[in-house]
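Enquirer: After the structure tokens below, expect a handful of questions from me.
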Amino acid sequence: MDLRVDGETTAEEAESLARAVAEYVDADVDEVAVYGEHGEEPIAVVEVLGPTHRERRLHEEIAEIIEGGPEKYKERLADQGKLFVRDRIDLWFGEVTFEDGRFAEFDADDRLPADGLITGAASFEGRDLHFMANDFTVKAGSMAEKGVEKFLRMQQRALKTGRPVLYLMDSSGGRIDQQTGFFANREGIGKYYYNHSMLSGRVPQVCVLYGPCIAGAAYTPVFADFTVMVRGMSAMAIASPRMVEMVTGEEISLEDLGGPDVHARHSGSADLVADDEDHARELVAQLIGYLPDNADERPPRRDGKAPARSPRGIDSVIPEGPRRGYDMHRLVERVVDADSFLELQPEYGPEIITGYGRVDGRPVGVVANQPAQRAGAIFPDAAEKAAQFIWKSDAFNIPILYLCDTPGFMAGSQVEKEGILEQGKRFIYATSSATVPQQTVVVRKAYGAGIYAMGGPAYDPESVIGLPSGEIAIMGPEAAIRAVYANELDAIEDEDERAAREQELREEFREDIDVRRMASEVVIDEVVPPSELRAELEARFAFYEDVEKELPEKKHGTVL
């Protein structure tokens, strides 16, 4: 680029002018030359060091990739209430740290921007993490060779860095017409699940579903430690409704086959259900606040808060009669820091409450029986839910608080068919194998094997403390009296006399199982006034914070 100036311009001024123009020139030029008014030789020459045509062309190519798939598919997203993937990434991160594999399938005959899969690193709520996100405008977010390679690299790098992984899933599965490039290969889509398994318990894996995740795509959410589904847009299933009809003859909608209600209430595969995209981000932001970056670190601590409701009301929450129901949430909110409790799988196995909260700023995993649901008896789903929650909490060094009020594991032919023994075994195994600090509170009933699963004295908790309403027994008084004294009672013909004798036996039995008797026998560590429970737990979690437990040396247990 050539410039001319008047004859009074000095060489120094000419050079300053050339440098200023070179800094902002937007043409494909190599230098800026400044000439005098009539001179044939330049007074100053400055090399243009800004973007050349070559770099500008690259920027144009990147911009085209970022646009994603055809506009008509973006319009469909809007009709479904969903964000375009790049807008979704902006919602989550604002700006990514970097992206990998943006030019995947750049030379493809079809237009396949980034091969429909975005991977990279970003900061989320102050935490560095790896992420992937499907672009549904590119072949319905389906997976093929280059996208699979990007996914695998992201997982393998997470193993190196020890940082969490966030999966933003919206995928119709593998591209069947291209399966030779990625399906059965040593480094194909099957390696996803191998890598998920290697990452499991090493770093937190969180998955959010934004659309139909079918077949191979559905395994990522179930391998993840925590899965969030979005109501009205997400689903996951081993096969599509069309395939289900072909194989079984069953006609069913995708919502009924694998929508949020199915997986939140029946399968237990969804930990949380969000109302929309913003809500999904809010839930994950809350969840990740309880989790460390990896298994070598402790969970992040915050400044403590008083509970939302005063602990002075704890004793009033617990009914006098052991057979009367009440909502255990009313006790939880008097123990954990205000606004800190995040319940997971609230609709699945509701006889047990599982979730994360804080006690004086320290994250704790809460496992609490729920007397408002089937008297707090432990059914197979509830046992499975508790076992998985304890297992995950232990993996990421989150201490566990058990709030025990249960008549024990449910009995009957139906629960036997549903695997009550198998799921009960897993619950007890998880409690036995956890190496994090554990505190157990006998709130009211601690009957049968329920006290075993709920961190009873034999399971090496740091403390077992009781409230004055607590009872520990093989079974409740009514069942025990009928089991032991049935013949004696049946022999009493006078109804009033029989009732009086039954009441006398019941009171004697209650004295034997009362929590004070258990404390007298040093079965439990202490009986505390309910209004002091929160302060007691603060002190005990703080004191045992550095406890490290060891398991017997072995390859691994045999209970899954």
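Going through the structure tokens in order, the chains are called A, B, and so on, while each chain numbers its residues from 1 and the ligands are numbered from 1 in the order shown.
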Near Glu149 in chain A, within 8 Å and counting only C-alpha atoms, which residues show up once chain neighbours fewer than 4 positions away are dropped, as a list of chain:residue names?

Expert: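 Contacts, with the query itself left out: A:Glu145, A:Arg153, A:Glu187, A:Gly188.
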
Enquirer: With a distance cut-off of 8 Å and only C-alpha atoms, select the neighbouring residues of Ile428 in chain A, excluding the residue or stretch itself and same-chain residues fewer than 6 positions from it, and output the selection as a ChimeraX atom specification.

Expert: /A:387,452-454

Enquirer: Mind dumping the selected residues with N, CA and C atoms as an mmCIF file, in the first residue's frame?

Expert:
data_model
loop_
_atom_site.group_PDB
_atom_site.id
_atom_site.type_symbol
_atom_site.label_atom_id
_atom_site.label_comp_id
_atom_site.auth_asym_id
_atom_site.auth_seq_id
_atom_site.Cartn_x
_atom_site.Cartn_y
_atom_site.Cartn_z
ATOM 1 N N ALA A 387 -27.161 -47.972 47.575
ATOM 2 C CA ALA A 387 -25.855 -48.589 47.330
ATOM 3 C C ALA A 387 -25.054 -47.789 46.318
ATOM 4 N N TYR A 452 -27.971 -52.674 59.747
ATOM 5 C CA TYR A 452 -26.706 -53.054 59.108
ATOM 6 C C TYR A 452 -26.441 -52.160 57.895
ATOM 7 N N ALA A 453 -27.419 -52.088 57.001
ATOM 8 C CA ALA A 453 -27.248 -51.292 55.783
ATOM 9 C C ALA A 453 -27.053 -49.813 56.093
ATOM 10 N N MET A 454 -27.693 -49.350 57.165
ATOM 11 C CA MET A 454 -27.653 -47.926 57.510
ATOM 12 C C MET A 454 -26.494 -47.584 58.452
#

Enquirer: Please give the complete set of residues from range 165-258 of chain A that DSSP, run on the backbone, assigns to helix (DSSP H, G or I), formatted as a ChimeraX atom specification.

Expert: /A:176-181,190-199,215-223,241-248,254-258

Enquirer: Go ahead and write the selection's residues with C-alpha atoms as a short mmCIF file (atom, residue, chain, number, x, y, z; two decimals), in the first residue's frame.

Expert:
data_model
loop_
_atom_site.label_atom_id
_atom_site.label_comp_id
_atom_site.auth_asym_id
_atom_site.auth_seq_id
_atom_site.Cartn_x
_atom_site.Cartn_y
_atom_site.Cartn_z
CA ILE A 176 -25.20 -47.04 10.39
CA ASP A 177 -24.09 -46.45 6.80
CA GLN A 178 -20.55 -45.67 8.01
CA GLN A 179 -20.18 -48.35 10.68
CA THR A 180 -17.08 -49.95 9.16
CA GLY A 181 -15.11 -46.88 10.18
CA GLY A 190 -16.98 -49.51 21.82
CA LYS A 191 -13.90 -47.87 23.38
CA TYR A 192 -16.20 -45.14 24.72
CA TYR A 193 -17.49 -47.50 27.36
CA TYR A 194 -14.07 -48.89 28.15
CA ASN A 195 -12.90 -45.34 28.76
CA HIS A 196 -16.04 -44.56 30.78
CA SER A 197 -15.14 -47.55 32.94
CA MET A 198 -11.56 -46.36 33.38
CA LEU A 199 -12.73 -42.86 34.27
CA ALA A 215 -28.65 -47.34 21.10
CA GLY A 216 -24.90 -46.73 21.56
CA ALA A 217 -25.47 -43.09 22.47
CA ALA A 218 -27.61 -44.16 25.45
CA TYR A 219 -24.72 -45.86 27.21
CA THR A 220 -22.84 -42.63 27.91
CA PRO A 221 -25.57 -41.27 30.22
CA VAL A 222 -25.86 -44.54 32.11
CA PHE A 223 -22.07 -44.85 32.48
CA PRO A 241 -39.58 -47.01 18.90
CA ARG A 242 -39.40 -48.11 15.26
CA MET A 243 -36.84 -50.78 16.09
CA VAL A 244 -38.83 -51.88 19.14
CA GLU A 245 -41.89 -52.36 16.96
CA MET A 246 -39.88 -54.34 14.39
CA VAL A 247 -38.41 -56.64 17.04
CA THR A 248 -41.32 -57.05 19.48
CA LEU A 254 -40.25 -42.36 22.53
CA GLU A 255 -41.51 -40.55 25.65
CA ASP A 256 -43.15 -43.70 27.00
CA LEU A 257 -40.19 -45.83 25.99
CA GLY A 258 -37.41 -43.78 27.52
#

Enquirer: Name the residues in contact with Leu166 in chain A at a cut-off of 9 Å, using only C-alpha atoms, excluding same-chain residues fewer than 5 positions from it; report them as an MDAnalysis selection string.

Expert: chainID A and resid 129:133 204:208

Enquirer: Could those residues be written to a file, using N, CA and C atoms, as a short mmCIF file (atom, residue, chain, number, x, y, z; two decimals), in the first residue's frame?

Expert:
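Once written, selection_22.cif looks like this:
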data_model
loop_
_atom_site.label_atom_id
_atom_site.label_comp_id
_atom_site.auth_asym_id
_atom_site.auth_seq_id
_atom_site.Cartn_x
_atom_site.Cartn_y
_atom_site.Cartn_z
N LEU A 129 -12.63 -28.18 33.21
CA LEU A 129 -13.12 -29.51 32.87
C LEU A 129 -13.03 -29.76 31.37
N HIS A 130 -13.17 -31.03 31.02
CA HIS A 130 -13.29 -31.45 29.62
C HIS A 130 -14.77 -31.51 29.28
N PHE A 131 -15.10 -31.25 28.01
CA PHE A 131 -16.51 -31.35 27.62
C PHE A 131 -16.63 -31.89 26.20
N MET A 132 -17.79 -32.46 25.93
CA MET A 132 -18.19 -32.80 24.56
C MET A 132 -19.64 -32.38 24.39
N ALA A 133 -20.01 -32.08 23.15
CA ALA A 133 -21.39 -31.68 22.86
C ALA A 133 -21.74 -32.08 21.44
N PRO A 204 -15.16 -37.15 38.24
CA PRO A 204 -16.62 -37.10 38.06
C PRO A 204 -16.99 -37.00 36.59
N GLN A 205 -17.97 -37.80 36.17
CA GLN A 205 -18.53 -37.73 34.83
C GLN A 205 -20.00 -37.34 34.96
N VAL A 206 -20.35 -36.22 34.35
CA VAL A 206 -21.72 -35.70 34.44
C VAL A 206 -22.27 -35.60 33.03
N CYS A 207 -23.48 -36.13 32.83
CA CYS A 207 -24.09 -36.13 31.50
C CYS A 207 -25.43 -35.41 31.56
N VAL A 208 -25.67 -34.53 30.58
CA VAL A 208 -26.96 -33.87 30.42
C VAL A 208 -27.53 -34.27 29.07
#

Enquirer: Taking 4 positions as the minimum chain separation for residues in the same chain, which residues sit within 10 Å of range 551-559 of chain A when counting only C-alpha atoms? Answer as a VMD selection string.

Expert: chain A and resid 422 425 to 426 429 to 430 432 to 435

Enquirer: Convert the current residue selection to file output with N, CA, C and O atoms, as a short mmCIF file (atom, residue, chain, number, x, y, z; two decimals), in the first residue's frame.

Expert:
data_model
loop_
_atom_site.label_atom_id
_atom_site.label_comp_id
_atom_site.auth_asym_id
_atom_site.auth_seq_id
_atom_site.Cartn_x
_atom_site.Cartn_y
_atom_site.Cartn_z
N GLU A 422 -30.64 -59.64 46.72
CA GLU A 422 -29.52 -59.18 45.89
C GLU A 422 -29.25 -57.69 46.11
O GLU A 422 -28.10 -57.28 46.29
N LYS A 425 -27.99 -56.98 49.58
CA LYS A 425 -26.56 -57.34 49.64
C LYS A 425 -25.70 -56.19 49.13
O LYS A 425 -24.67 -55.85 49.75
N ARG A 426 -26.10 -55.59 48.03
CA ARG A 426 -25.31 -54.49 47.45
C ARG A 426 -25.30 -53.28 48.40
O ARG A 426 -24.27 -52.61 48.53
N TYR A 429 -23.00 -54.14 51.22
CA TYR A 429 -21.63 -54.17 50.70
C TYR A 429 -21.07 -52.76 50.54
O TYR A 429 -19.92 -52.47 50.91
N ALA A 430 -21.89 -51.86 49.99
CA ALA A 430 -21.43 -50.48 49.80
C ALA A 430 -21.12 -49.83 51.14
O ALA A 430 -20.09 -49.16 51.30
N SER A 432 -20.30 -51.37 53.89
CA SER A 432 -19.13 -52.05 54.46
C SER A 432 -17.83 -51.58 53.82
O SER A 432 -16.79 -51.52 54.49
N SER A 433 -17.87 -51.28 52.54
CA SER A 433 -16.64 -50.99 51.79
C SER A 433 -16.27 -49.52 51.76
O SER A 433 -15.18 -49.18 51.32
N ALA A 434 -17.18 -48.66 52.17
CA ALA A 434 -16.90 -47.22 52.13
C ALA A 434 -15.76 -46.88 53.09
O ALA A 434 -15.75 -47.33 54.24
N THR A 435 -14.81 -46.09 52.62
CA THR A 435 -13.66 -45.72 53.45
C THR A 435 -13.71 -44.27 53.91
O THR A 435 -12.80 -43.82 54.60
#

Enquirer: Please, what distance in Å, to one decimal, runs between CA of Gly116 in chain A and CA of Ile65 in chain A?

Expert: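 CA of Ile65 in chain A lies 10.0 Å from CA of Gly116 in chain A.
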
Enquirer: When you look at range 293-300 of chain A with a cut-off of 12 Å (counting only C-alpha atoms), what residues show up, excluding the ones that are within fewer than 4 positions of it in the same chain? I need them as a PyMOL selection string.

Expert: chain A and resi 124+126-130+158-166+199-206+287-289+356-358+361-365+392-399+436+545-546

Enquirer: Please provide the set of residues having any atom within 6 Å of Phe379 in chain A, restricted to only C-alpha atoms, with same-chain residues fewer than 2 positions apart removed, written as a PyMOL selection string.

Expert: chain A and resi 381-382+410

Enquirer: What does the structure give for the distance between CA of Arg57 in chain A and CA of Thr97 in chain A, in Å to one decimal?

Expert: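 For CA of Arg57 in chain A relative to CA of Thr97 in chain A, the distance reads 22.7 Å.
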
Enquirer: Between CA of Asp360 in chain A and CA of His329 in chain A, measure the distance and give it in Å to one decimal.

Expert: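 Computing it gives 18.2 Å between the two atoms.
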
Enquirer: Just the strand (DSSP E) stuff from range 25-126 of chain A, please, per backbone DSSP, written as an MDAnalysis selection string.

Expert: chainID A and resid 31:35 42:47 96:100 117:124

Enquirer: For the residues selected in the previous step, produce a file with N, CA, C and O atoms as a compact mmCIF listing (two decimals), in the first residue's frame.

Expert:
# COMPACT_ATOMS: atom_id res chain seq x y z
N GLU A 31 3.23 -4.57 2.77
CA GLU A 31 3.91 -3.44 3.40
C GLU A 31 3.15 -2.16 3.13
O GLU A 31 2.32 -2.08 2.23
N VAL A 32 3.44 -1.15 3.96
CA VAL A 32 2.90 0.21 3.76
C VAL A 32 4.09 1.13 3.49
O VAL A 32 5.04 1.19 4.30
N ALA A 33 4.05 1.83 2.33
CA ALA A 33 5.14 2.74 1.94
C ALA A 33 4.60 4.17 1.91
O ALA A 33 3.51 4.43 1.38
N VAL A 34 5.34 5.10 2.50
CA VAL A 34 4.95 6.51 2.54
C VAL A 34 5.92 7.32 1.66
O VAL A 34 7.16 7.25 1.85
N TYR A 35 5.33 8.07 0.69
CA TYR A 35 6.13 8.87 -0.25
C TYR A 35 5.90 10.34 0.04
O TYR A 35 4.83 10.75 0.52
N PRO A 42 10.35 6.01 -1.40
CA PRO A 42 9.57 6.15 -0.16
C PRO A 42 10.39 6.74 0.97
O PRO A 42 11.59 6.50 1.09
N ILE A 43 9.71 7.57 1.78
CA ILE A 43 10.35 8.13 2.98
C ILE A 43 10.44 7.06 4.07
O ILE A 43 11.40 7.00 4.83
N ALA A 44 9.38 6.21 4.16
CA ALA A 44 9.35 5.16 5.20
C ALA A 44 8.60 3.95 4.64
O ALA A 44 7.66 4.08 3.86
N VAL A 45 9.05 2.76 5.02
CA VAL A 45 8.42 1.51 4.62
C VAL A 45 8.26 0.65 5.88
O VAL A 45 9.23 0.44 6.61
N VAL A 46 7.02 0.16 6.11
CA VAL A 46 6.75 -0.68 7.28
C VAL A 46 6.07 -1.97 6.81
O VAL A 46 5.11 -1.94 6.04
N GLU A 47 6.61 -3.08 7.28
CA GLU A 47 6.05 -4.39 6.92
C GLU A 47 4.72 -4.61 7.64
O GLU A 47 4.60 -4.29 8.83
N VAL A 96 -15.11 -20.95 25.63
CA VAL A 96 -14.35 -22.16 25.92
C VAL A 96 -12.87 -21.83 26.00
O VAL A 96 -12.39 -20.84 25.45
N THR A 97 -12.13 -22.66 26.73
CA THR A 97 -10.68 -22.48 26.83
C THR A 97 -10.02 -22.81 25.49
O THR A 97 -9.17 -22.07 25.01
N PHE A 98 -10.42 -23.93 24.92
CA PHE A 98 -9.99 -24.28 23.56
C PHE A 98 -10.90 -25.40 23.05
O PHE A 98 -11.61 -26.05 23.82
N GLU A 99 -10.87 -25.58 21.74
CA GLU A 99 -11.64 -26.64 21.09
C GLU A 99 -10.70 -27.53 20.31
O GLU A 99 -9.72 -27.04 19.73
N ASP A 100 -10.97 -28.82 20.30
CA ASP A 100 -10.16 -29.78 19.54
C ASP A 100 -10.97 -30.34 18.37
O ASP A 100 -12.18 -30.54 18.49
N LEU A 117 -19.64 -33.19 16.29
CA LEU A 117 -19.28 -33.38 17.70
C LEU A 117 -18.23 -32.35 18.09
O LEU A 117 -17.19 -32.24 17.44
N ILE A 118 -18.51 -31.61 19.15
CA ILE A 118 -17.59 -30.58 19.62
C ILE A 118 -16.94 -31.07 20.91
O ILE A 118 -17.62 -31.52 21.83
N THR A 119 -15.62 -31.00 20.97
CA THR A 119 -14.90 -31.39 22.17
C THR A 119 -13.87 -30.32 22.51
O THR A 119 -13.40 -29.61 21.62
N GLY A 120 -13.54 -30.23 23.79
CA GLY A 120 -12.55 -29.25 24.20
C GLY A 120 -12.47 -29.12 25.70
O GLY A 120 -12.86 -30.04 26.44
N ALA A 121 -11.99 -27.97 26.14
CA ALA A 121 -11.85 -27.69 27.57
C ALA A 121 -12.51 -26.34 27.86
O ALA A 121 -12.56 -25.47 26.99
N ALA A 122 -13.00 -26.19 29.08
CA ALA A 122 -13.67 -24.95 29.46
C ALA A 122 -13.63 -24.80 30.97
O ALA A 122 -13.27 -25.74 31.70
N SER A 123 -13.98 -23.62 31.42
CA SER A 123 -14.12 -23.36 32.86
C SER A 123 -15.60 -23.27 33.17
O SER A 123 -16.35 -22.54 32.52
N PHE A 124 -16.02 -24.02 34.20
CA PHE A 124 -17.43 -24.03 34.61
C PHE A 124 -17.52 -23.84 36.11
O PHE A 124 -16.95 -24.64 36.86

Enquirer: Point out the residue among A:Pro468, A:Ala78, A:Glu462, A:Leu421 with the least atom-to-atom distance to Phe541 in chain A, counting only C-alpha atoms.

Expert: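 Of A:Pro468, A:Ala78, A:Glu462, A:Leu421, the one nearest Phe541 in chain A is A:Glu462, counting only C-alpha atoms.
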